[in-house]
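Heads up: the structure comes next, in structure tokens.
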Amino acid sequence: MNLFTIFGDPVSHSRSPLMHNSVFKSLEIKACYSRTHLSDGSQLRNIFFAKGLSGANVTVPHKEAAYAQCDEIRGIAQEIKAVNTLVLEKGRLIGYNTDADGFMSAIQSFGEIKTALILGAGGTARALSIALRHGEITPTILNRSKGRLDYFLREGFECFEWDDFTVKPYDLIINTTSAGLSDNELPIPRSLLTELLEQAKGAIDVIYGKETPYLREVKISGLPYKDGSDMLLAQGVLASYLFLEGKFPLTTIEVPMKHSFIL
Ligand code: NDP
């Protein structure tokens with residue numbers, strides 16, 4: 001029996017166990033995926049080995065800590081410097097970031113996008129900014145405070161705080177802040193958001209499973225929009241593909257994983 005888990009704090013809300021166990025069940029794989037509440041991220045590697053895991057996902061706030069504890073980092077995670085997927089390979093811990101490709105897959109339905117405004121400057125904003133750049137979409141970062149903008153400035157991205165931001169047209173507006181997750185707040189002042197939406201082609205919120213105040217405003221604007229469900233599914237399919245050592249095509253994994261969304 002191969003064991004997998006998701007590490008996070010909080011983690012009780014995570015849909016990952018349902019998503020991954022649906023795939024294991026459907027493909028008749030002897031494996032089980034659980035949740036692990038982890039408050040001290042520095043213990044992640046020790047716990048991974050103590051539990052005898054074959055792989056894991058990592059969520060808020062441990063993606064950077066997980067990156068630091070891997071034996072090898074593969075793909076776009078090297079640039080993002082944060083991992084959300086861990087795979088044990090010949091006794092070594094290999095780290096990947098499937099959030100980035102999952103997001104790019106989710107925004108394909110918006111058609112041609114050249115520029116994007118990312119609201120927020122946390123771990124998710126990092127992954128998406130690098131992914132967008134790889135996809136030849138120019139990201140600009142807008143955050144309420146300055147502290148977390150350093151990473152983006154080092155990467156050469158245009159960055160603004162609310163106070164020094166002037167609205168101009170962006171094709172896609174992306175909310176990566178946690179505003180609206182467990183409160184009723186907008187990620188930026190309403191007047192700014194209204195102006196941005198008037199000039200955009202589409203909008204996305206990475207939060208899933210609820211209608212945030214941000215998405216309510218987007219709906220009123222009449223723009224094409226989506227929440228974070230497609231991204232969640234796509235990053236999960238890519239992680240499962242890695243857990244299953246590439247033995248099953250992505251399309252085979254996607255069907256049962258998508259089905260778990262209605263359970
Ligand atoms: P972080 O804690 O790393 O970053 C949060 C960001 O939100 C910071 O820039 C913070 O600003 C900003 N912020 C928080 N509250 C507010 C507010 N009330 N108004 C304006 N800005 C605010 O979080 P993550 O990047 O790791 O995650 C962000 C969200 O993305 C979470 O809701 C998570 O669930 C979701 N997510 C969804 C995924 C999916 O598959 N759909 C995948 C990964 C994440 P400041 O710097 O000023 O504190």
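Each chain in the structure tokens gets a letter, A, B and so on, in the order shown; residues start at 1 in every chain, and ligands are counted from 1 in the order they appear.
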
Name each residue within 8 Å of ligand 1, counting only C-alpha atoms and all ligand atoms, as JSON, numbers by chain.
{"A": [59, 60, 61, 63, 99, 102, 103, 119, 120, 121, 122, 123, 124, 125, 126, 143, 144, 145, 146, 147, 148, 149, 176, 177, 178, 179, 180, 181, 183, 185, 186, 187, 188, 205, 206, 207, 208, 227, 228, 229, 230, 231, 232, 233, 234, 235, 236]}

Backbone DSSP call of helix (DSSP H, G or I) for stretch 29-247 of chain A, listed as JSON, numbers by chain:
{"A": [41, 42, 43, 44, 45, 46, 47, 48, 49, 50, 63, 64, 65, 66, 67, 68, 77, 78, 79, 80, 98, 99, 100, 101, 102, 103, 104, 105, 106, 107, 108, 109, 110, 123, 124, 125, 126, 127, 128, 129, 130, 131, 132, 133, 134, 147, 148, 149, 150, 151, 152, 153, 154, 162, 163, 164, 190, 191, 192, 193, 194, 195, 196, 197, 198, 199, 213, 214, 215, 216, 217, 218, 219, 220, 221, 229, 230, 231, 232, 233, 234, 235, 236, 237, 238, 239, 240, 241, 242, 243]}

Report as a VMD selection string all protein, DNA and RNA residues lying within 9 Å of stretch 7-24 of chain A, evaluated on only C-alpha atoms, omitting residues in the same chain fewer than 3 positions from it.
chain A and resid 4 27 to 39 41 44 56 to 63 232 to 233 236 to 237 240 252 to 261 263

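Proximity of A:Ala131, A:Glu245, A:Ala100, A:Ile141 to A:Ile174, computed with only C-alpha atoms, is greatest for A:Ile141.
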
Any idea what's packed within 9 Å of A:Glu198, counting only C-alpha atoms, ignoring anything in its chain fewer than 4 positions away? Could you give it as a list of chain:residue names?
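Contacts, in chain order: A:Pro169, A:Leu193, A:Thr194, A:Ser221, A:Leu223.
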
The selected residues should be written to file as a PDB file, in the first residue's frame (atoms: N, CA and C atoms).
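Dumped to part.pdb:
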ATOM      1  N   PRO A 169      -5.013  49.325 -19.017  1.00  0.00           N
ATOM      2  CA  PRO A 169      -5.678  48.082 -19.422  1.00  0.00           C
ATOM      3  C   PRO A 169      -4.803  46.829 -19.202  1.00  0.00           C
ATOM      4  N   LEU A 193     -11.024  48.351  -8.759  1.00  0.00           N
ATOM      5  CA  LEU A 193     -11.459  47.093  -9.389  1.00  0.00           C
ATOM      6  C   LEU A 193     -12.445  47.371 -10.523  1.00  0.00           C
ATOM      7  N   THR A 194     -13.375  48.267 -10.286  1.00  0.00           N
ATOM      8  CA  THR A 194     -14.370  48.587 -11.323  1.00  0.00           C
ATOM      9  C   THR A 194     -13.686  49.094 -12.585  1.00  0.00           C
ATOM     10  N   SER A 221     -19.877  42.901 -13.741  1.00  0.00           N
ATOM     11  CA  SER A 221     -19.233  43.569 -14.893  1.00  0.00           C
ATOM     12  C   SER A 221     -19.564  42.879 -16.214  1.00  0.00           C
ATOM     13  N   LEU A 223     -17.985  40.315 -17.476  1.00  0.00           N
ATOM     14  CA  LEU A 223     -16.788  39.700 -18.083  1.00  0.00           C
ATOM     15  C   LEU A 223     -16.832  38.177 -17.965  1.00  0.00           C
TER      16      LEU A 223
END

Quick one: DSSP strand (DSSP E) residues in stretch 30-124 of chain A, as a PyMOL selection string?
chain A and resi 31-37+55-58+72-73+85-89+92-96+115-119

Please dump the current selection as a tab-separated table (two decimals), in the first residue's frame; keep N, CA and C atoms.
chain	number	residue	atom	x	y	z
A	31	ALA	N	-3.41	2.32	-2.81
A	31	ALA	CA	-2.78	3.52	-2.23
A	31	ALA	C	-3.83	4.28	-1.43
A	32	CYS	N	-3.35	5.08	-0.50
A	32	CYS	CA	-4.27	5.86	0.33
A	32	CYS	C	-3.69	7.26	0.53
A	33	TYR	N	-4.55	8.28	0.46
A	33	TYR	CA	-4.12	9.69	0.55
A	33	TYR	C	-4.83	10.32	1.75
A	34	SER	N	-4.06	10.89	2.68
A	34	SER	CA	-4.65	11.45	3.90
A	34	SER	C	-4.32	12.95	4.03
A	35	ARG	N	-4.78	13.54	5.13
A	35	ARG	CA	-4.41	14.94	5.46
A	35	ARG	C	-3.44	14.92	6.63
A	36	THR	N	-2.44	15.80	6.62
A	36	THR	CA	-1.54	15.93	7.77
A	36	THR	C	-1.47	17.39	8.18
A	37	HIS	N	-2.03	17.68	9.36
A	37	HIS	CA	-1.92	19.06	9.87
A	37	HIS	C	-0.50	19.27	10.39
A	55	GLY	N	4.63	9.93	-1.60
A	55	GLY	CA	4.51	11.26	-2.19
A	55	GLY	C	3.60	12.12	-1.34
A	56	ALA	N	3.56	13.42	-1.64
A	56	ALA	CA	2.72	14.33	-0.86
A	56	ALA	C	2.45	15.61	-1.63
A	57	ASN	N	1.40	16.29	-1.23
A	57	ASN	CA	1.20	17.67	-1.67
A	57	ASN	C	1.46	18.57	-0.48
A	58	VAL	N	1.74	19.83	-0.78
A	58	VAL	CA	2.04	20.80	0.27
A	58	VAL	C	1.20	22.03	-0.01
A	72	GLU	N	16.16	17.25	-4.55
A	72	GLU	CA	16.27	17.74	-5.94
A	72	GLU	C	14.97	18.47	-6.30
A	73	ILE	N	15.10	19.57	-7.02
A	73	ILE	CA	13.93	20.32	-7.49
A	73	ILE	C	13.89	20.21	-9.00
A	85	THR	N	4.30	19.67	-4.68
A	85	THR	CA	4.23	18.22	-4.88
A	85	THR	C	5.59	17.59	-4.58
A	86	LEU	N	5.56	16.53	-3.75
A	86	LEU	CA	6.79	15.81	-3.38
A	86	LEU	C	6.64	14.36	-3.81
A	87	VAL	N	7.70	13.81	-4.41
A	87	VAL	CA	7.67	12.41	-4.83
A	87	VAL	C	8.96	11.75	-4.33
A	88	LEU	N	8.81	10.56	-3.73
A	88	LEU	CA	9.99	9.81	-3.29
A	88	LEU	C	10.51	9.00	-4.47
A	89	GLU	N	11.77	9.21	-4.81
A	89	GLU	CA	12.36	8.50	-5.94
A	89	GLU	C	13.71	7.94	-5.49
A	92	ARG	N	15.15	9.43	-2.48
A	92	ARG	CA	15.41	10.88	-2.50
A	92	ARG	C	14.09	11.64	-2.67
A	93	LEU	N	14.03	12.80	-2.03
A	93	LEU	CA	12.80	13.60	-2.08
A	93	LEU	C	12.89	14.58	-3.26
A	94	ILE	N	11.99	14.41	-4.24
A	94	ILE	CA	12.00	15.26	-5.43
A	94	ILE	C	10.83	16.24	-5.35
A	95	GLY	N	11.10	17.53	-5.58
A	95	GLY	CA	10.06	18.56	-5.47
A	95	GLY	C	9.65	19.13	-6.82
A	96	TYR	N	8.33	19.33	-6.99
A	96	TYR	CA	7.77	19.90	-8.21
A	96	TYR	C	6.79	21.01	-7.84
A	115	THR	N	-1.45	40.34	-21.42
A	115	THR	CA	-1.04	40.96	-20.16
A	115	THR	C	-1.97	40.52	-19.04
A	116	ALA	N	-1.42	40.47	-17.82
A	116	ALA	CA	-2.23	40.07	-16.67
A	116	ALA	C	-1.85	40.90	-15.46
A	117	LEU	N	-2.85	41.24	-14.66
A	117	LEU	CA	-2.59	41.92	-13.39
A	117	LEU	C	-2.86	40.92	-12.27
A	118	ILE	N	-1.81	40.64	-11.48
A	118	ILE	CA	-1.95	39.71	-10.35
A	118	ILE	C	-2.20	40.52	-9.09
A	119	LEU	N	-3.33	40.28	-8.43
A	119	LEU	CA	-3.63	40.93	-7.16
A	119	LEU	C	-3.08	40.03	-6.06

Of A:Cys70, A:Ile6, A:Leu197, A:Val167, the one nearest to A:Pro224 when counting only C-alpha atoms is A:Leu197

A:Leu142 environment, 6 Å, only C-alpha atoms, sequence neighbours closer than 5 positions dropped, as number ranges by chain
A: 119, 159-161
